[in-house]
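S.K.: One file is attached below, coords30.cif, containing mmCIF, C-alpha atoms and all ligand atoms.
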```
data_structure
loop_
_atom_site.label_atom_id
_atom_site.label_comp_id
_atom_site.auth_asym_id
_atom_site.auth_seq_id
_atom_site.Cartn_x
_atom_site.Cartn_y
_atom_site.Cartn_z
CA MET S 1 42.50 -39.42 47.55
CA ALA S 2 42.09 -37.09 50.52
CA GLU S 3 44.81 -34.68 49.46
CA GLU S 4 42.98 -34.09 46.16
CA LEU S 5 39.83 -33.24 48.11
CA PHE S 6 41.80 -30.76 50.22
CA ARG S 7 43.10 -29.07 47.06
CA ALA S 8 39.56 -28.79 45.69
CA ALA S 9 38.46 -27.11 48.94
CA ARG S 10 41.40 -24.71 48.87
CA MET S 11 40.67 -23.80 45.26
CA ALA S 12 37.00 -23.21 46.11
CA MET S 13 38.03 -20.93 48.97
CA LYS S 14 39.67 -18.64 46.41
CA ARG S 15 36.22 -18.06 44.90
CA ALA S 16 34.64 -17.03 48.20
CA TYR S 17 32.45 -13.97 48.15
CA ALA S 18 33.09 -12.75 51.67
CA PRO S 19 33.41 -8.95 51.56
CA TYR S 20 31.68 -8.50 54.93
CA SER S 21 33.44 -11.05 57.12
CA GLN S 22 36.68 -11.18 55.13
CA PHE S 23 36.65 -14.85 56.12
CA PRO S 24 36.87 -16.99 52.97
CA VAL S 25 35.94 -20.65 53.36
CA GLY S 26 36.18 -23.57 50.94
CA ALA S 27 34.54 -26.98 51.18
CA ALA S 28 34.81 -30.07 49.03
CA LEU S 29 32.71 -33.22 49.18
CA ARG S 30 33.41 -36.61 47.70
CA THR S 31 30.47 -38.84 46.96
CA ASP S 32 30.45 -42.60 47.39
CA ALA S 33 30.51 -42.71 43.55
CA GLY S 34 33.83 -40.83 43.61
CA ALA S 35 32.65 -37.43 42.31
CA VAL S 36 34.05 -34.25 43.88
CA HIS S 37 31.92 -31.14 44.42
CA ALA S 38 33.26 -27.93 45.90
CA GLY S 39 31.86 -24.66 47.17
CA CYS S 40 32.67 -21.36 48.85
CA ASN S 41 30.79 -19.09 51.22
CA ILE S 42 28.61 -16.47 49.56
CA GLU S 43 27.74 -13.45 51.67
CA ASN S 44 25.16 -10.73 51.25
CA ALA S 45 24.73 -7.08 52.23
CA SER S 46 21.75 -8.32 54.21
CA TYR S 47 24.06 -10.37 56.43
CA PRO S 48 21.78 -13.26 57.45
CA GLU S 49 21.10 -14.04 53.78
CA GLY S 50 24.65 -15.23 53.19
CA TRP S 51 25.52 -18.90 53.37
CA CYS S 52 28.37 -21.27 54.04
CA ALA S 53 30.85 -23.05 51.78
CA GLU S 54 29.46 -26.48 52.73
CA THR S 55 25.99 -25.40 51.63
CA THR S 56 27.26 -24.27 48.23
CA ALA S 57 29.08 -27.60 47.82
CA LEU S 58 25.93 -29.53 48.66
CA GLY S 59 24.04 -27.51 46.05
CA GLN S 60 26.69 -28.39 43.49
CA MET S 61 26.37 -32.07 44.39
CA ILE S 62 22.59 -32.08 44.11
CA MET S 63 22.66 -30.27 40.77
CA ALA S 64 25.22 -32.76 39.44
CA GLY S 65 22.86 -35.63 40.22
CA GLY S 66 23.15 -36.06 43.99
CA GLY S 67 24.69 -38.92 45.89
CA LYS S 68 25.94 -39.80 49.34
CA VAL S 69 28.81 -37.87 50.92
CA SER S 70 31.65 -40.10 52.07
CA GLU S 71 34.33 -37.43 52.65
CA ILE S 72 34.35 -33.72 53.43
CA ALA S 73 37.32 -31.31 53.41
CA LEU S 74 37.00 -27.82 54.87
CA VAL S 75 39.53 -24.99 54.79
CA ALA S 76 39.68 -21.33 55.84
CA GLU S 77 42.90 -19.35 55.53
CA LYS S 78 42.18 -17.49 58.75
CA MET S 79 41.30 -20.52 60.86
CA PRO S 80 43.45 -23.65 60.70
CA GLY S 81 41.31 -26.68 61.55
CA ILE S 82 38.01 -24.88 60.94
CA MET S 83 34.98 -26.96 61.90
CA PRO S 84 31.65 -26.90 60.06
CA CYS S 85 29.05 -24.68 61.71
CA GLY S 86 26.07 -26.27 63.41
CA GLY S 87 23.70 -25.54 60.54
CA CYS S 88 26.07 -27.12 58.02
CA ARG S 89 26.53 -30.19 60.23
CA GLN S 90 22.76 -30.65 60.04
CA ARG S 91 22.71 -30.09 56.25
CA LEU S 92 25.63 -32.46 55.70
CA SER S 93 24.08 -35.10 57.95
CA GLU S 94 21.19 -35.38 55.50
CA PHE S 95 23.59 -36.81 52.89
CA VAL S 96 26.53 -38.45 54.68
CA THR S 97 27.30 -42.16 54.67
CA ALA S 98 27.46 -43.83 58.08
CA ASP S 99 31.27 -43.84 57.95
CA ALA S 100 31.81 -40.42 56.33
CA LYS S 101 35.11 -38.71 57.16
CA LEU S 102 35.73 -35.04 57.88
CA HIS S 103 39.15 -33.60 57.01
CA LEU S 104 40.19 -30.56 59.05
CA CYS S 105 42.74 -28.52 57.14
CA ASP S 106 45.06 -25.58 57.09
CA MET S 107 46.35 -23.97 53.90
CA ASN S 108 49.05 -26.62 53.52
CA GLY S 109 46.97 -29.74 53.86
CA ILE S 110 44.97 -32.00 56.13
CA LEU S 111 45.68 -31.57 59.86
CA GLU S 112 43.30 -34.17 61.20
CA THR S 113 40.65 -36.59 59.96
CA VAL S 114 37.70 -37.42 62.18
CA PRO S 115 34.48 -39.38 61.64
CA PHE S 116 31.65 -37.03 60.74
CA SER S 117 29.51 -38.89 63.26
CA SER S 118 31.89 -37.78 66.05
CA VAL S 119 31.15 -34.11 65.40
CA PHE S 120 27.40 -34.57 65.03
CA PRO S 121 26.28 -37.36 67.34
CA ARG S 122 22.62 -38.17 67.88
CA ALA S 123 21.67 -36.15 64.80
CA PHE S 124 18.12 -35.22 64.05
CA GLY S 125 17.34 -37.32 60.98
CA SER S 126 14.34 -38.25 58.89
CA GLU S 127 13.74 -41.26 61.15
CA SER S 128 13.22 -38.75 64.00
CA ASN S 129 10.61 -37.03 61.88
CA THR S 130 8.14 -39.79 61.06
N1 LIG S 201 31.37 -20.14 57.18
C1 LIG S 201 31.41 -21.19 56.32
O1 LIG S 201 31.44 -21.00 55.09
N2 LIG S 201 31.39 -22.44 56.82
C2 LIG S 201 31.38 -22.73 58.17
O2 LIG S 201 31.24 -23.87 58.55
C3 LIG S 201 31.56 -21.65 59.14
C4 LIG S 201 31.32 -20.27 58.62
C5 LIG S 201 31.36 -18.77 56.62
C6 LIG S 201 30.06 -18.04 56.79
C7 LIG S 201 30.50 -16.58 56.70
O3 LIG S 201 30.51 -16.22 55.32
C8 LIG S 201 31.91 -16.60 57.21
O4 LIG S 201 32.32 -17.96 57.25
C9 LIG S 201 32.08 -16.01 58.59
O5 LIG S 201 31.23 -16.61 59.48
#
```
What's the structure tokens form of this structure?

M.R.:
Amino acid sequence: MAEELFRAARMAMKRAYAPYSQFPVGAALRTDAGAVHAGCNIENASYPEGWCAETTALGQMIMAGGGKVSEIALVAEKMPGIMPCGGCRQRLSEFVTADAKLHLCDMNGILETVPFSSVFPRAFGSESNT
């Protein structure tokens, strides 16, 4: 259930490597097959080389065999209700189901659930690229 996904995101946030921004983020994805994959942001001394929690979670999902993302939970202790950045919306959109849900969280749980499509309408997809 959604609360379990939130807890996976919060646990992932604890693993964040964010010494430069001091802004730990955790993300957790559930696939349509029911698997949960989580990730944290991983920064770098060469700042632009760091990446987001959602991107780590997608890497985990692909390495575990892939799938379609039906639910996403995102949490950052310093920003209740954090939204995925633009780049991560594009990366997530590659793998989401049409009715994928995005859970916006604080450290205590889910604050709001919105359709992923509502935060990334008219996405650039592979059908735009043929
Ligand atoms: N960050 C994420 O992990 N996900 C987002 O959607 C927004 C930003 C990270 C990147 C960087 O390590 C830190 O938050 C500050 O921008």

S.K.: Restricting the calculation to all atoms listed in the file: of S:Gly50, S:Gly39, S:Gly109, S:Gly67, which residue gets closest to Gly26 of chain S?

M.R.: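 Checking each of S:Gly50, S:Gly39, S:Gly109, S:Gly67 against Gly26 of chain S, counting all atoms listed in the file, the winner is S:Gly39.
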
S.K.: Taking all atoms listed in the file into account, which residues have an atom no farther than 7 Å from ligand LIG 201 (chain S)? I'd like them as a list in words.

M.R.: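 Listed by chain and ascending number, the contacts are Ala18, Ser21, Phe23, Pro24, Val25, Gly26, Cys40, Asn41, Ile42, Glu43, Gly50, Trp51, Cys52, Ala53, Glu54, Met83, Pro84, Cys85 and Cys88 of chain S.
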
S.K.: Between atom CA of Ala123 of chain S and atom CA of Ser93 of chain S, what is the spacing in Å?

M.R.: 7.3 Å

S.K.: Between atom CA of Ala57 of chain S and atom CA of Ala33 of chain S, what is the spacing in Å?

M.R.: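 Spanning atom CA of Ala33 of chain S to atom CA of Ala57 of chain S is a straight-line distance of 15.8 Å.
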
S.K.: Given the choices S:Phe95, S:Tyr47, S:Phe124, S:Tyr20, which gets closest to Ile72 of chain S if the distance is worked out from all atoms listed in the file?

M.R.: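 That would be S:Phe95, the residue with the smallest distance to Ile72 of chain S.
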
S.K.: Ranking S:Arg91, S:Met1, S:Met107, S:Gln60 by minimum distance to Met79 of chain S and counting all atoms listed in the file, which one comes first?

M.R.: S:Met107

S.K.: Between S:Lys101, S:Leu74, S:Ile62, S:Val96, which residue has the minimum interatomic distance to Arg7 of chain S, considering all atoms listed in the file?

M.R.: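 For Arg7 of chain S, the nearest of the given residues is S:Leu74.
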
S.K.: What does the distance from atom CA of Ile82 of chain S to atom CA of Ser46 of chain S come to in Å, to one decimal?

M.R.: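 Separation of atom CA of Ile82 of chain S and atom CA of Ser46 of chain S: 24.2 Å.
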
S.K.: Mind listing whatever residues come within 9 Å of the point (32.5, -38.9, 60.4)? Use all atoms listed in the file, file coordinates, and give them as an NGL selection string.

M.R.: :S and (70-72 or 96-102 or 113-120)

S.K.: Which is closest to Val36 of chain S among S:Gly86, S:Pro19, S:Gly65, S:Pro48, if we use all atoms listed in the file?

M.R.: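 Closest to Val36 of chain S, using all atoms listed in the file: S:Gly65.
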
S.K.: Calculated over only C-alpha atoms, which of the candidates S:Gly87, S:Gly66, S:Gly81, S:Gly59 has the smallest distance to Ala38 of chain S?

M.R.: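 Among S:Gly87, S:Gly66, S:Gly81, S:Gly59, it is S:Gly59 that comes nearest to Ala38 of chain S.
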